[in-house]
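What follows is a single structure, written as structure tokens, with notes after it.
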Amino acid sequence: MPAPAAPTRTSRARALLPDLAPWRASADFRRLWLAGLITNFGTFLTFVALPVQLKDLTGSAAAVGAIGAVELLPLIVCGLYGGALADAYDKRKLILLTEAGQGLLTAVLLVNALLPRPGIWPLYAVAALSSALGAIQRPALDSLLPRIVAHEDLPAATALNSLRWTVGGVAGPALAGVVVAYAGSGPAYAVDLVTFAVSVVLSLGLAASPAAHEAAAPSLRSIAEGARYAWSRKELLGTYVVDIAAMLFAMPLAVLPFLADELGARWSLGLMYACMPAGALIVSLTSGWTARIHRHGRMVVLAAAAWGLAVAAVGVVDDVWPVLLLLTLGGGFDMVSGIFRGAMWNQTIPDELRGRLAGIELLSYSVGPQLGQVRSGGMAAWRGVRVSVWAGGLLCAGAVGVLAVCLPSLMRYDARTNVHARRLRAHRTGAPA
């Protein structure tokens with residue numbers, strides 16, 4: 001019997017490229033992916049235009065910072081309730097209604113920008129309502145994924161969705177900055193409105209996705225049921241708390257302008273902001289290897305700890321170029337953690353609970369960065385920028401290590417043998433558990 005042929009350089013390169021199986025097999029996945037890519041660029045236009053317009057109208061940094069405050073409460077409340085809605089109602093309808101609602105809010109921004117004296121309160125009102133609609137929509141999108149993608153292709157689908165977001169994270173702000181600088185907020189809102197219209201048209205082609213008959217009606221009781229399930233799954237709970245620890249202790253975005261000044265490289269600030277999305281993009285573009293990894297929990301822990309160590313090194317080095325490299329590495333490690341967190345969620349959570357758990361996930365990866373900005377800024381004011389960065393990175397790595405010890409089921413998790421993964425795989429394929 002002849003020996004198997006050695007892998008060629010071409011085959012090794014293909015093994016690194018993203019796995020396109022979900023794209024080829026699912027028309028609904030293609031529609032959602034394209035709709036998300038298009039609206040991602042439009043959303044970044046508004047993301048940049050709204051605070052710039054508010055700055056021009058008020059001249060107050062505090063007024064601009066208050067945008068985050070008005071977005072936080074709707075994010076928390078509607079994220080949890082949106083998860084219950086996603087379990088109880090047709091996910092396609094929820095996606096369509098929230099996408100159309102986001103478009104109407106953008107139209108309000110456009111009309112306000114065209115007024116002779118634009119109002120300030122509409123900017124805050126739209127920011128709060130947009131945060132609410134986004135928090136309602138995201139659990140529906142996340143819980144729809146396991147329905148439209150084959151079980152074994154879910155890690156690849158998670159990586160492809162990450163690729164979509166990172167492309168927007170790198171290119172979107174750059175495009176938005178140019179449009180807002182040279183055309184103003186009004187044209188930026190107009191382009192965003194067009195992207196929402198295109199997204200709604202694409203989403204109309206999605207197949208209906210009604211609630212599972214086991215799903216409970218949306219209520220505080222049903223939300224509590226989802227929380228109890230998450231608490232009972234310690235490996236699942238571990239993915240949430242590891243992510244919160246990583247973002248709370250090691251998210252350095254708030255102090256990057258001050259770090260650039262200390263390094264004598266104010267010109268590098270834009271690159272600093274782009275480096276973490278760029279690192280995530282590199283991982284997404286070379287994510288083919290993730291399909292061969294089965295111990296997802298271990299990868300979540302190791303990647304989160306590596307993210308913390310990379311950030312800690314940022315606070316120690318004295319040259320801007322190593323800082324840029326380390327921020328890029330950190331963004332890559334954070335994306336690795338995110339890919340395997342998503343794989344664990346999508347491959348183990350029952351369909352009737354997927355929306356409510358997606359609402360909890362939304363809070364874990366949204367609230368953490370916002371609290372992290374407060375932590376890093378406060379520590380920088382107390383002990384200095386460098387201390388804030390390197391101490392936060394070390395606290396992240398240490399906290400992740402403690403969590404790994406306290407939650408051994410997270411480190412033991414194996415997608416091939418985990419009872420929840422096997423049960424859900426059997427349910428979806430019709431094979432015996």
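Here's how to read the names in the structure tokens: chain A, B, ... by the order shown, residue numbers from 1 in each chain, ligand numbers from 1 in the order shown.
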
Long-range neighbours of Ser219 of chain A as a PyMOL selection string, 9 Å cut-off, only C-alpha atoms, 6 positions minimum in chain = chain A and resi 81+84-85

Writing out the chosen residues with all heavy atoms as a compact mmCIF listing (two decimals), in the first residue's frame:
```txt
# COMPACT_ATOMS: atom_id res chain seq x y z
N TYR A 81 -33.79 41.04 27.47
CA TYR A 81 -35.15 40.81 26.99
C TYR A 81 -35.14 40.40 25.52
O TYR A 81 -35.98 39.61 25.08
CB TYR A 81 -35.99 42.07 27.18
CG TYR A 81 -37.46 41.81 27.01
CD1 TYR A 81 -38.16 41.06 27.95
CD2 TYR A 81 -38.15 42.31 25.91
CE1 TYR A 81 -39.52 40.81 27.80
CE2 TYR A 81 -39.51 42.07 25.76
CZ TYR A 81 -40.18 41.32 26.71
OH TYR A 81 -41.52 41.07 26.54
N ALA A 84 -34.87 36.71 25.19
CA ALA A 84 -36.15 36.03 25.39
C ALA A 84 -37.05 36.17 24.17
O ALA A 84 -37.76 35.23 23.78
CB ALA A 84 -36.84 36.58 26.63
N LEU A 85 -37.05 37.34 23.54
CA LEU A 85 -37.84 37.54 22.32
C LEU A 85 -37.36 36.61 21.20
O LEU A 85 -38.18 36.05 20.47
CB LEU A 85 -37.74 39.00 21.87
CG LEU A 85 -38.46 40.05 22.70
CD1 LEU A 85 -38.11 41.45 22.21
CD2 LEU A 85 -39.97 39.84 22.63
```

Hey, what's within 9 Å of Gln53 of chain A if we count only C-alpha atoms and toss same-chain stuff fewer than 5 positions away? As a VMD selection string, please?
-> chain A and resid 48 58 113 123 184 to 185

Residues of segment 314-432 of chain A that have any atom at most 7 Å from an atom of segment 144-151 of chain A: could you tabulate them with the shortest-distance atom pair and the distance in Å to one decimal, using only C-alpha atoms, ordered by chain and increasing number, as JSON lines?
```
{"residue": "A:Asn346", "atom": "CA", "partner": "A:Pro146", "partner_atom": "CA", "distance": 6.0}
{"residue": "A:Gln347", "atom": "CA", "partner": "A:His151", "partner_atom": "CA", "distance": 6.6}
{"residue": "A:Arg425", "atom": "CA", "partner": "A:His151", "partner_atom": "CA", "distance": 6.3}
```

Using only C-alpha atoms, find the one residue out of A:Arg428, A:Arg356, A:Arg266, A:Lys55 that sits nearest to Ala135 of chain A.
-> A:Arg356

Identify, on the basis of only C-alpha atoms, every residue whose closest approach to Leu236 of chain A does not exceed 12 Å; exclude the query and any residue fewer than 4 positions from it along the same chain; express the result as a ChimeraX atom specification.
-> /A:227-232,240-243,296-297,300,340-349,357-358,360-361,364,407-413,418,420-421

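Considering the residues A:Ala156, A:Leu163, A:Leu309, A:Ala190 and counting only C-alpha atoms, Arg292 of chain A has its shortest atom-to-atom contact with A:Ala156.
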